[in-house]
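Source file: model-v5.cif. Holds: mmCIF, C-alpha atoms.
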data_upload
#
loop_
_atom_site.label_atom_id
_atom_site.label_comp_id
_atom_site.auth_asym_id
_atom_site.auth_seq_id
_atom_site.Cartn_x
_atom_site.Cartn_y
_atom_site.Cartn_z
CA MET A 1 44.21 -26.98 -75.43
CA VAL A 2 40.49 -27.71 -75.44
CA ASN A 3 40.79 -29.60 -72.19
CA ARG A 4 42.59 -26.65 -70.58
CA LEU A 5 39.91 -24.24 -71.79
CA TYR A 6 37.17 -26.54 -70.47
CA ILE A 7 38.87 -26.79 -67.11
CA ALA A 8 39.27 -23.01 -66.93
CA ILE A 9 35.65 -22.35 -67.84
CA SER A 10 34.47 -25.09 -65.49
CA SER A 11 36.53 -23.73 -62.62
CA ARG A 12 35.29 -20.17 -63.22
CA PHE A 13 31.69 -21.39 -63.36
CA THR A 14 32.16 -23.39 -60.17
CA PHE A 15 33.69 -20.35 -58.48
CA HIS A 16 30.80 -18.07 -59.49
CA ALA A 17 28.25 -20.73 -58.57
CA SER A 18 29.86 -21.01 -55.15
CA ARG A 19 29.72 -17.25 -54.70
CA PHE A 20 26.10 -17.20 -55.82
CA THR A 21 25.23 -19.97 -53.38
CA GLN A 22 26.95 -18.15 -50.51
CA HIS A 23 25.21 -14.92 -51.49
CA LEU A 24 21.88 -16.72 -51.49
CA VAL A 25 22.56 -18.17 -48.04
CA ASP A 26 23.55 -14.73 -46.73
CA MET A 27 20.33 -13.25 -48.09
CA LEU A 28 18.26 -15.97 -46.43
CA VAL A 29 19.98 -15.41 -43.08
CA LEU A 30 19.49 -11.65 -43.36
CA GLY A 31 15.84 -12.17 -44.24
CA THR A 32 15.36 -14.39 -41.20
CA ILE A 33 16.92 -11.75 -38.93
CA LEU A 34 14.74 -8.98 -40.38
CA LEU A 35 11.61 -11.11 -40.06
CA ALA A 36 12.39 -11.84 -36.44
CA ALA A 37 12.97 -8.15 -35.76
CA CYS A 38 9.63 -7.22 -37.32
CA THR A 39 7.62 -9.95 -35.61
CA PRO A 40 5.90 -8.83 -32.33
CA ARG A 41 7.30 -10.40 -29.19
CA ALA A 42 5.31 -13.23 -27.73
CA ALA A 43 3.11 -12.39 -24.74
CA PRO A 44 4.59 -13.24 -21.32
CA ALA A 45 3.93 -16.73 -20.07
CA SER A 46 0.58 -16.99 -18.33
CA THR A 47 2.37 -17.92 -15.10
CA ALA A 48 4.31 -14.64 -14.99
CA ALA A 49 3.54 -12.61 -11.86
CA LEU A 50 2.44 -9.00 -11.88
CA ASN A 51 5.13 -6.74 -10.48
CA VAL A 52 3.33 -4.41 -8.06
CA THR A 53 4.61 -1.63 -5.78
CA VAL A 54 2.53 -0.27 -2.90
CA SER A 55 3.05 2.63 -0.52
CA ILE A 56 2.69 0.95 2.90
CA LEU A 57 2.92 -2.52 4.44
CA PRO A 58 -0.82 -3.15 5.03
CA GLN A 59 -1.37 -2.72 1.28
CA LYS A 60 1.12 -5.52 0.66
CA TYR A 61 -1.21 -7.78 2.63
CA PHE A 62 -4.20 -6.71 0.52
CA VAL A 63 -2.40 -7.20 -2.81
CA GLU A 64 -1.00 -10.58 -1.82
CA ARG A 65 -4.41 -11.80 -0.69
CA ILE A 66 -5.97 -10.86 -4.04
CA GLY A 67 -3.02 -11.49 -6.38
CA GLY A 68 -1.90 -14.72 -4.73
CA ALA A 69 0.78 -16.49 -6.75
CA TYR A 70 0.34 -14.06 -9.63
CA ALA A 71 1.62 -10.95 -7.86
CA THR A 72 5.00 -9.97 -6.41
CA VAL A 73 4.83 -6.93 -4.15
CA ASN A 74 7.36 -4.26 -3.24
CA VAL A 75 6.71 -1.73 -0.45
CA MET A 76 7.86 1.88 -0.77
CA VAL A 77 7.72 2.98 2.91
CA GLU A 78 10.15 0.73 4.72
CA PRO A 79 9.38 -0.80 8.14
CA GLY A 80 9.85 1.72 10.95
CA ALA A 81 9.58 4.73 8.61
CA SER A 82 6.68 7.16 8.57
CA PRO A 83 4.42 7.57 5.51
CA GLU A 84 4.01 11.17 6.59
CA THR A 85 7.52 12.22 5.60
CA TYR A 86 9.06 9.30 3.70
CA GLU A 87 11.48 10.02 0.85
CA PRO A 88 11.90 7.15 -1.63
CA LYS A 89 15.45 6.01 -2.26
CA PRO A 90 16.91 6.32 -5.79
CA ALA A 91 17.10 2.53 -6.01
CA GLN A 92 13.38 2.28 -5.24
CA LEU A 93 12.50 4.74 -8.00
CA GLN A 94 14.78 2.89 -10.40
CA ALA A 95 13.12 -0.43 -9.53
CA LEU A 96 9.78 1.00 -10.65
CA SER A 97 10.95 0.59 -14.26
CA GLN A 98 10.00 -3.09 -13.89
CA ALA A 99 6.63 -2.48 -12.22
CA ASP A 100 3.30 -3.24 -13.86
CA ALA A 101 1.32 -1.22 -11.31
CA TYR A 102 1.72 1.20 -8.42
CA VAL A 103 -1.06 1.01 -5.84
CA ARG A 104 -1.42 4.31 -3.99
CA ILE A 105 -3.62 4.94 -0.95
CA GLY A 106 -3.43 8.66 -0.17
CA VAL A 107 -0.72 8.84 2.51
CA PRO A 108 1.05 12.24 2.74
CA PHE A 109 4.38 11.32 1.11
CA GLU A 110 2.51 10.44 -2.10
CA ASP A 111 1.43 14.08 -2.51
CA VAL A 112 5.08 15.09 -2.83
CA TRP A 113 6.45 12.10 -4.74
CA MET A 114 3.64 10.81 -6.95
CA ALA A 115 4.75 12.75 -10.03
CA ARG A 116 8.30 11.37 -9.70
CA ILE A 117 6.92 7.87 -9.14
CA ALA A 118 4.80 8.08 -12.29
CA GLU A 119 7.70 9.48 -14.33
CA ALA A 120 9.89 6.55 -13.29
CA ASN A 121 7.80 4.28 -15.54
CA PRO A 122 5.23 5.88 -17.89
CA ARG A 123 3.88 2.40 -18.76
CA MET A 124 3.15 1.59 -15.12
CA TRP A 125 -0.54 1.55 -14.16
CA ILE A 126 -1.32 3.88 -11.23
CA VAL A 127 -4.10 2.40 -9.09
CA ASP A 128 -5.71 4.80 -6.58
CA THR A 129 -7.52 2.77 -3.92
CA ALA A 130 -8.84 5.94 -2.24
CA GLN A 131 -10.68 7.12 -5.35
CA SER A 132 -14.08 5.68 -4.39
CA ILE A 133 -13.86 6.51 -0.68
CA GLU A 134 -15.30 9.59 0.99
CA ARG A 135 -12.63 10.52 3.47
CA MET A 136 -13.30 12.34 6.69
CA PRO A 137 -11.17 15.28 7.84
CA MET A 138 -8.29 15.09 10.26
CA PRO A 139 -8.76 17.21 13.41
CA ALA A 140 -7.06 20.57 12.96
CA TYR A 141 -7.46 21.72 16.53
CA HIS A 142 -7.67 20.06 19.92
CA SER A 143 -11.11 19.67 21.42
CA HIS A 144 -11.12 19.01 25.15
CA GLY A 145 -14.44 19.28 26.97
CA GLU A 146 -15.34 22.91 27.68
CA GLU A 147 -12.26 24.07 25.79
CA THR A 148 -13.74 23.02 22.47
CA HIS A 149 -12.55 25.37 19.77
CA ALA A 150 -14.79 26.70 17.05
CA GLY A 151 -12.21 25.84 14.42
CA ARG A 152 -13.18 23.82 11.39
CA LEU A 153 -11.93 20.34 10.58
CA GLU A 154 -9.81 20.04 7.48
CA ASN A 155 -7.29 17.83 5.69
CA PRO A 156 -8.45 14.38 4.53
CA ASP A 157 -7.62 11.54 6.88
CA PRO A 158 -5.42 9.06 4.94
CA HIS A 159 -5.79 6.12 7.36
CA ILE A 160 -8.47 4.34 5.34
CA TRP A 161 -6.77 0.95 5.74
CA LEU A 162 -7.78 0.86 9.43
CA SER A 163 -11.48 0.51 8.63
CA PRO A 164 -12.53 -3.03 7.60
CA ARG A 165 -15.52 -1.57 5.79
CA LEU A 166 -13.31 0.74 3.70
CA VAL A 167 -10.76 -2.01 3.09
CA LYS A 168 -13.48 -3.98 1.29
CA ILE A 169 -13.83 -1.07 -1.14
CA GLN A 170 -10.06 -0.92 -1.64
CA ALA A 171 -9.96 -4.68 -2.26
CA GLN A 172 -12.56 -4.32 -5.02
CA THR A 173 -10.43 -1.63 -6.68
CA ILE A 174 -7.33 -3.82 -6.55
CA TYR A 175 -9.22 -6.78 -7.98
CA ALA A 176 -10.67 -4.75 -10.87
CA SER A 177 -7.20 -3.45 -11.76
CA PHE A 178 -5.63 -6.91 -11.70
CA ALA A 179 -8.43 -8.36 -13.80
CA ARG A 180 -7.72 -5.75 -16.48
CA LEU A 181 -3.94 -6.06 -16.29
CA ASP A 182 -4.00 -9.85 -16.35
CA PRO A 183 -7.34 -11.13 -17.69
CA ASP A 184 -5.96 -14.68 -18.03
CA HIS A 185 -6.15 -15.04 -14.23
CA GLN A 186 -9.32 -13.06 -13.61
CA ALA A 187 -11.12 -16.08 -12.16
CA THR A 188 -8.31 -16.65 -9.65
CA TYR A 189 -8.30 -13.01 -8.60
CA GLN A 190 -12.07 -13.11 -8.15
CA ALA A 191 -11.89 -16.24 -5.99
CA ASN A 192 -9.10 -14.68 -3.90
CA LEU A 193 -11.16 -11.52 -3.50
CA ALA A 194 -14.17 -13.50 -2.27
CA SER A 195 -12.00 -15.31 0.28
CA PHE A 196 -10.47 -12.06 1.50
CA LEU A 197 -13.83 -10.31 1.82
CA ALA A 198 -15.14 -13.22 3.87
CA ASP A 199 -12.18 -12.87 6.24
CA VAL A 200 -12.80 -9.12 6.52
CA ASP A 201 -16.44 -9.75 7.40
CA ALA A 202 -15.36 -12.24 10.07
CA LEU A 203 -12.89 -9.69 11.43
CA ASP A 204 -15.61 -7.03 11.57
CA ALA A 205 -17.86 -9.38 13.51
CA HIS A 206 -15.03 -10.17 15.94
CA ILE A 207 -14.30 -6.49 16.56
CA ARG A 208 -17.97 -5.65 17.15
CA GLN A 209 -18.32 -8.49 19.61
CA ALA A 210 -15.10 -7.58 21.44
CA LEU A 211 -16.10 -3.93 21.83
CA ALA A 212 -19.81 -4.47 22.46
CA GLY A 213 -19.55 -4.44 26.24
CA VAL A 214 -16.91 -1.76 26.87
CA GLY A 215 -17.88 0.72 29.54
CA ASN A 216 -15.74 3.64 28.42
CA ARG A 217 -15.70 4.28 24.68
CA LYS A 218 -13.09 7.07 24.76
CA PHE A 219 -9.39 6.42 24.21
CA ILE A 220 -6.35 8.68 23.94
CA VAL A 221 -3.82 8.07 21.18
CA PHE A 222 -0.73 10.07 20.28
CA HIS A 223 -1.09 10.11 16.47
CA PRO A 224 -4.69 10.36 15.18
CA ALA A 225 -4.54 7.26 12.98
CA TRP A 226 -7.61 5.48 14.35
CA GLY A 227 -10.40 7.88 13.39
CA TYR A 228 -12.10 5.57 10.86
CA PHE A 229 -11.81 2.63 13.24
CA ALA A 230 -13.35 4.69 16.04
CA ARG A 231 -16.18 5.87 13.80
CA ASP A 232 -16.99 2.36 12.61
CA TYR A 233 -17.19 0.94 16.13
CA SER A 234 -18.76 3.87 18.01
CA LEU A 235 -15.59 4.83 19.88
CA GLU A 236 -14.18 8.31 20.54
CA MET A 237 -10.56 8.92 19.63
CA VAL A 238 -8.80 11.76 21.47
CA PRO A 239 -5.52 12.60 19.71
CA VAL A 240 -2.49 14.02 21.50
CA GLU A 241 -0.90 15.24 18.25
CA THR A 242 -2.91 17.14 15.65
CA GLY A 243 -1.84 18.82 12.44
CA GLY A 244 1.57 17.16 12.75
CA GLN A 245 2.30 19.17 15.91
CA GLU A 246 2.87 17.95 19.44
CA PRO A 247 0.67 19.60 22.11
CA SER A 248 1.63 22.73 23.99
CA ALA A 249 1.96 22.71 27.78
CA GLY A 250 -1.61 23.96 28.10
CA GLU A 251 -2.94 21.29 25.77
CA LEU A 252 -1.05 18.60 27.67
CA ALA A 253 -2.65 19.82 30.91
CA ALA A 254 -6.10 19.69 29.26
CA LEU A 255 -5.44 16.13 28.08
CA VAL A 256 -4.44 15.09 31.60
CA THR A 257 -7.66 16.61 32.98
CA GLU A 258 -9.75 14.83 30.32
CA ALA A 259 -8.04 11.51 30.96
CA ARG A 260 -8.65 11.74 34.70
CA ALA A 261 -12.30 12.68 34.18
CA ALA A 262 -12.84 9.71 31.86
CA GLY A 263 -10.92 7.27 34.03
CA ILE A 264 -8.39 6.64 31.27
CA LYS A 265 -5.24 4.84 32.38
CA VAL A 266 -3.64 3.97 29.03
CA ILE A 267 -2.23 6.28 26.37
CA PHE A 268 -1.73 4.64 23.01
CA ALA A 269 1.28 5.46 20.83
CA GLN A 270 2.84 3.97 17.70
CA PRO A 271 6.42 2.92 16.91
CA GLU A 272 7.04 5.55 14.18
CA PHE A 273 6.54 8.55 16.49
CA SER A 274 8.07 9.90 19.68
CA THR A 275 6.34 8.73 22.87
CA ARG A 276 7.52 11.69 24.99
CA SER A 277 4.17 13.49 25.18
CA ALA A 278 2.31 10.24 25.74
CA GLU A 279 4.67 9.35 28.58
CA ILE A 280 4.10 12.75 30.23
CA ILE A 281 0.34 12.24 30.21
CA ALA A 282 0.66 8.65 31.43
CA ARG A 283 2.88 9.72 34.30
CA GLU A 284 0.44 12.44 35.37
CA ILE A 285 -2.55 10.05 35.41
CA GLY A 286 -0.66 7.16 36.96
CA GLY A 287 -1.12 5.13 33.81
CA GLN A 288 1.00 3.59 31.07
CA VAL A 289 1.85 3.87 27.39
CA LEU A 290 0.94 1.00 25.07
CA LEU A 291 2.08 0.72 21.45
CA ILE A 292 -0.41 -0.16 18.72
CA ASP A 293 0.90 -0.24 15.18
CA PRO A 294 -1.32 0.95 12.30
CA LEU A 295 1.36 -0.19 9.82
CA ALA A 296 1.78 -3.80 10.94
CA PRO A 297 2.30 -6.15 7.97
CA ASP A 298 -0.29 -8.77 9.01
CA TRP A 299 -3.28 -6.45 8.70
CA LEU A 300 -5.99 -8.95 9.66
CA ASP A 301 -4.28 -10.26 12.79
CA ASN A 302 -3.17 -6.77 13.80
CA LEU A 303 -6.68 -5.29 13.80
CA ARG A 304 -7.97 -8.27 15.74
CA ARG A 305 -5.28 -7.78 18.39
CA VAL A 306 -5.86 -4.00 18.54
CA ALA A 307 -9.59 -4.58 19.11
CA ASP A 308 -8.87 -7.07 21.88
CA THR A 309 -6.43 -4.63 23.50
CA LEU A 310 -8.93 -1.78 23.36
CA ALA A 311 -11.64 -4.01 24.80
CA LYS A 312 -9.40 -4.92 27.73
CA VAL A 313 -8.23 -1.34 28.35
CA LEU A 314 -11.70 0.20 28.02
CA GLY A 315 -13.30 -2.34 30.32
CA GLY A 316 -14.88 -4.84 27.96
#

Would you write out, as structure tokens, the structure that this file holds?
Amino acid sequence: MVNRLYIAISSRFTFHASRFTQHLVDMLVLGTILLAACTPRAAPASTAALNVTVSILPQKYFVERIGGAYATVNVMVEPGASPETYEPKPAQLQALSQADAYVRIGVPFEDVWMARIAEANPRMWIVDTAQSIERMPMPAYHSHGEETHAGRLENPDPHIWLSPRLVKIQAQTIYASFARLDPDHQATYQANLASFLADVDALDAHIRQALAGVGNRKFIVFHPAWGYFARDYSLEMVPVETGGQEPSAGELAALVTEARAAGIKVIFAQPEFSTRSAEIIAREIGGQVLLIDPLAPDWLDNLRRVADTLAKVLGG
């Protein structure tokens, strides 16, 4: 009888001890889970790249030169599209949820879409590379010799990436933003910036040398994208299109007269716009239409080639 009672008590004690042990284990597991949930996540590995979106292709070149291996770059305006009227695709806006920064530059589509872009990721840093640049106005009216209008110039010219001098300012803005977003690699960004600025200075010297001896410093271009470039290198840009409008018949006739008077035989156009008006002028002056692309992805090589083309066309 005693043995049976001992066995019963022993069994019950063992059973409760087992339950207590299991309960203790469960509490320890739960505590570990709660501790993990309350502990801040570890910082990303120092080799993680910044996810950056830019508006146009030349900016991709700038960001990659400064960010190097520590930046991956997405471009909003796709090749062949115009930054004047571009509408981002839903997938592009959705992809911004992973972006660390959006680098804007002041092209027209941003005015319409910037609020939506910012809303796509409230944590995303908006970097405005035009913020420290005094922009000049776009021509609002045609000005052709004696037919110069008394109209005022208005609307800021967004094409600041076509001036090497202004690109150096934009590069400094990009560097400062990256250094704050990713201070672990600040020294690398600074070294990349110095290398890029040296290349820009070499480009500037090349352009000045190429254009130093040109006889005619006036050129006709369909879309007025090259105003800053012309200003920097003492050229005169005559646009066919102004204010987003193609010229009237009278304005086309005035352009033909101006081209003949200046001995111009080449009308420059760009791939994103119609060449119809440029071809009309070229036909009337016995000349030709050449394409120069302000949105080419290899910014440095593109500006060098454009300068060489202008030098050849203008008689350098």

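Here the question is which of A:Phe222, A:Phe268, A:Tyr61, A:Tyr189 gets nearest to Gly244 (chain A) using only C-alpha atoms, and that residue is A:Phe222.
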
Item to check | Glu236 (chain A) surroundings by only C-alpha atoms, 10 Å radius, close-in-sequence under 3 positions cut, as an MDAnalysis selection string | outcome: chainID A and resid 216:220 226:227 229:231 233 239

Checklist entry - Which residue out of A:Asp301, A:Asp100, A:Glu78, A:Glu84 has the minimum interatomic distance to Thr53 (chain A) when only C-alpha atoms are used? => result A:Asp100

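Shortest atom-to-atom contact with Ala253 (chain A) among A:Ser277, A:Gln92, A:Thr188, A:Asn155: A:Ser277, counting all atoms listed in the file.
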
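Between CA of Gly315 (chain A) and CA of Gly215 (chain A) lies a distance of 5.6 Å.
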
Provide region 234-267 of chain A rebuilt to N, CA and C atoms, formatted as a tab-separated table (two decimals), in the frame of the given file.
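Dumped everything to selection_17.tsv:
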chain	number	residue	atom	x	y	z
A	234	SER	N	-18.13	2.99	17.01
A	234	SER	CA	-18.76	3.87	18.01
A	234	SER	C	-17.83	4.15	19.19
A	235	LEU	N	-16.56	4.42	18.88
A	235	LEU	CA	-15.59	4.83	19.88
A	235	LEU	C	-15.27	6.31	19.68
A	236	GLU	N	-14.61	6.91	20.65
A	236	GLU	CA	-14.18	8.31	20.54
A	236	GLU	C	-12.66	8.37	20.67
A	237	MET	N	-12.01	8.77	19.62
A	237	MET	CA	-10.56	8.92	19.63
A	237	MET	C	-10.19	10.34	20.04
A	238	VAL	N	-9.32	10.45	21.04
A	238	VAL	CA	-8.80	11.76	21.47
A	238	VAL	C	-7.32	11.80	21.12
A	239	PRO	N	-6.92	12.58	20.12
A	239	PRO	CA	-5.52	12.60	19.71
A	239	PRO	C	-4.67	13.55	20.56
A	240	VAL	N	-3.44	13.14	20.82
A	240	VAL	CA	-2.49	14.02	21.50
A	240	VAL	C	-1.88	14.98	20.47
A	241	GLU	N	-1.48	14.44	19.32
A	241	GLU	CA	-0.90	15.24	18.25
A	241	GLU	C	-1.96	15.55	17.21
A	242	THR	N	-2.03	16.79	16.77
A	242	THR	CA	-2.91	17.14	15.65
A	242	THR	C	-2.17	18.07	14.71
A	243	GLY	N	-2.48	17.97	13.43
A	243	GLY	CA	-1.84	18.82	12.44
A	243	GLY	C	-0.34	18.62	12.36
A	244	GLY	N	0.14	17.44	12.78
A	244	GLY	CA	1.57	17.16	12.75
A	244	GLY	C	2.35	17.84	13.87
A	245	GLN	N	1.64	18.44	14.83
A	245	GLN	CA	2.30	19.17	15.91
A	245	GLN	C	2.03	18.51	17.25
A	246	GLU	N	3.07	18.44	18.08
A	246	GLU	CA	2.87	17.95	19.44
A	246	GLU	C	2.16	19.02	20.25
A	247	PRO	N	1.47	18.64	21.34
A	247	PRO	CA	0.67	19.60	22.11
A	247	PRO	C	1.54	20.57	22.89
A	248	SER	N	0.98	21.75	23.14
A	248	SER	CA	1.63	22.73	23.99
A	248	SER	C	1.46	22.30	25.45
A	249	ALA	N	2.08	23.04	26.36
A	249	ALA	CA	1.96	22.71	27.78
A	249	ALA	C	0.51	22.80	28.23
A	250	GLY	N	-0.20	23.82	27.74
A	250	GLY	CA	-1.61	23.96	28.10
A	250	GLY	C	-2.47	22.83	27.57
A	251	GLU	N	-2.18	22.39	26.36
A	251	GLU	CA	-2.94	21.29	25.77
A	251	GLU	C	-2.64	19.97	26.48
A	252	LEU	N	-1.39	19.79	26.90
A	252	LEU	CA	-1.05	18.60	27.67
A	252	LEU	C	-1.83	18.57	28.99
A	253	ALA	N	-1.90	19.74	29.64
A	253	ALA	CA	-2.65	19.82	30.91
A	253	ALA	C	-4.12	19.49	30.68
A	254	ALA	N	-4.70	19.98	29.57
A	254	ALA	CA	-6.10	19.69	29.26
A	254	ALA	C	-6.30	18.21	29.00
A	255	LEU	N	-5.35	17.57	28.33
A	255	LEU	CA	-5.44	16.13	28.08
A	255	LEU	C	-5.38	15.34	29.37
A	256	VAL	N	-4.54	15.76	30.30
A	256	VAL	CA	-4.44	15.09	31.60
A	256	VAL	C	-5.78	15.19	32.33
A	257	THR	N	-6.37	16.40	32.32
A	257	THR	CA	-7.66	16.61	32.98
A	257	THR	C	-8.74	15.73	32.35
A	258	GLU	N	-8.76	15.65	31.03
A	258	GLU	CA	-9.75	14.83	30.32
A	258	GLU	C	-9.56	13.36	30.63
A	259	ALA	N	-8.31	12.91	30.67
A	259	ALA	CA	-8.04	11.51	30.96
A	259	ALA	C	-8.49	11.14	32.36
A	260	ARG	N	-8.23	12.01	33.32
A	260	ARG	CA	-8.65	11.74	34.70
A	260	ARG	C	-10.17	11.69	34.80
A	261	ALA	N	-10.84	12.63	34.12
A	261	ALA	CA	-12.30	12.68	34.18
A	261	ALA	C	-12.93	11.43	33.57
A	262	ALA	N	-12.30	10.89	32.54
A	262	ALA	CA	-12.84	9.71	31.86
A	262	ALA	C	-12.34	8.40	32.44
A	263	GLY	N	-11.46	8.49	33.43
A	263	GLY	CA	-10.92	7.27	34.03
A	263	GLY	C	-9.97	6.53	33.12
A	264	ILE	N	-9.32	7.25	32.22
A	264	ILE	CA	-8.39	6.64	31.27
A	264	ILE	C	-7.04	6.40	31.93
A	265	LYS	N	-6.52	5.19	31.77
A	265	LYS	CA	-5.24	4.84	32.38
A	265	LYS	C	-4.20	4.41	31.35
A	266	VAL	N	-4.57	4.40	30.09
A	266	VAL	CA	-3.64	3.97	29.03
A	266	VAL	C	-3.62	5.02	27.93
A	267	ILE	N	-2.42	5.40	27.52
A	267	ILE	CA	-2.23	6.28	26.37
A	267	ILE	C	-1.59	5.44	25.27
